[in-house]
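Asks: Okay, handing you the structure first.
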Amino acid sequence: MKKSIRLFFLICIVFASSCQKDDSSLQSCVSCNSPQTTIFEVCKNSNGNATVNGENTGTEFDAYIDALEQAGAACGG
């Protein structure tokens with residue numbers, strides 16, 4: 001009986017901890033615009049890459065934002 005109670009509590013603990021939200025998976029996004037485009041959103045994926053309109057660019061987020069700004073885009077917020 002004691003083993004089954006321990007097993008039950010162990011399963012409950014594992015289940016409860018697996019349901020917690022993982023903060024590392026949260027995306028951070030910024031809005032960008034330029035004279036050539038309308039406002040668009042660039043998000044940082046959990047792998048560190050930039051995503052535009054749901055498409056992974058394959059480029060690291062900070063490098064992507066730097067390149068946009070060097071090309072004349074304004075990004076922030």
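Residue numbering restarts at 1 for every chain of the structure tokens, chains are lettered A, B, ... in their displayed order, and ligands are numbered from 1 as they appear.
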I want to know what sits within 9 Å of A:Glu41, based on only C-alpha atoms, with residues of the same chain fewer than 4 positions away left out; could you give that as an mmCIF file with N, CA and C atoms, in the first residue's frame?
Replies:
data_model
loop_
_atom_site.group_PDB
_atom_site.id
_atom_site.type_symbol
_atom_site.label_atom_id
_atom_site.label_comp_id
_atom_site.auth_asym_id
_atom_site.auth_seq_id
_atom_site.Cartn_x
_atom_site.Cartn_y
_atom_site.Cartn_z
ATOM 1 N N CYS A 29 9.044 39.996 -29.500
ATOM 2 C CA CYS A 29 8.824 40.545 -30.838
ATOM 3 C C CYS A 29 9.018 42.056 -30.839
ATOM 4 N N VAL A 30 9.433 42.573 -31.978
ATOM 5 C CA VAL A 30 9.532 44.016 -32.197
ATOM 6 C C VAL A 30 8.853 44.345 -33.519
ATOM 7 N N SER A 31 8.319 45.553 -33.591
ATOM 8 C CA SER A 31 7.726 46.039 -34.841
ATOM 9 C C SER A 31 8.771 46.833 -35.600
ATOM 10 N N CYS A 32 8.802 46.633 -36.899
ATOM 11 C CA CYS A 32 9.752 47.341 -37.762
ATOM 12 C C CYS A 32 8.997 47.947 -38.940
ATOM 13 N N ASN A 33 9.539 49.032 -39.455
ATOM 14 C CA ASN A 33 9.013 49.602 -40.694
ATOM 15 C C ASN A 33 10.122 50.339 -41.417
ATOM 16 N N THR A 51 12.107 35.465 -36.788
ATOM 17 C CA THR A 51 10.964 34.984 -37.561
ATOM 18 C C THR A 51 10.177 36.189 -38.032
ATOM 19 N N VAL A 52 9.853 36.222 -39.320
ATOM 20 C CA VAL A 52 9.052 37.301 -39.897
ATOM 21 C C VAL A 52 7.814 36.674 -40.521
ATOM 22 N N ASN A 53 6.646 37.149 -40.112
ATOM 23 C CA ASN A 53 5.378 36.606 -40.615
ATOM 24 C C ASN A 53 5.309 35.088 -40.490
ATOM 25 N N CYS A 75 13.238 49.775 -36.003
ATOM 26 C CA CYS A 75 12.656 48.678 -35.222
ATOM 27 C C CYS A 75 12.645 49.048 -33.740
#
Asks: How many Å separate atom CA of A:Gln36 from atom CA of A:Gly58?
Replies: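 Pair atom CA of A:Gln36 / atom CA of A:Gly58 returns 22.4 Å.
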Asks: Atom CA of A:Asn47 and atom CA of A:Ala74 are how many Å apart?
Replies: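 Atom-to-atom, atom CA of A:Asn47 to atom CA of A:Ala74, that is 23.8 Å.
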Asks: Mind pulling up the distance from atom CA of A:Phe61 to atom CA of A:Thr38?
Replies: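 Between atom CA of A:Thr38 and atom CA of A:Phe61 the gap is 19.8 Å.
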Asks: Name all residues at most 10 Å from A:Asn56 (count only C-alpha atoms; drop same-chain ones fewer than 5 positions away) and give them as a list in words.
Replies: Val42, Cys43, Lys44, Asn45, Asn49, Ala50 and Thr51 of chain A
Asks: Take the residues from that selection and put them in a file with C-alpha atoms, as a PDB file, in the first residue's frame.
Replies:
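Saved to out.pdb:
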ATOM      1  CA  VAL A  42      10.086  40.349 -36.174  1.00  0.00           C
ATOM      2  CA  CYS A  43      10.076  37.752 -33.396  1.00  0.00           C
ATOM      3  CA  LYS A  44      12.873  35.887 -31.653  1.00  0.00           C
ATOM      4  CA  ASN A  45      12.333  32.115 -31.675  1.00  0.00           C
ATOM      5  CA  ASN A  49      16.573  32.987 -34.863  1.00  0.00           C
ATOM      6  CA  ALA A  50      14.430  35.798 -36.222  1.00  0.00           C
ATOM      7  CA  THR A  51      10.964  34.984 -37.561  1.00  0.00           C
TER       8      THR A  51
END
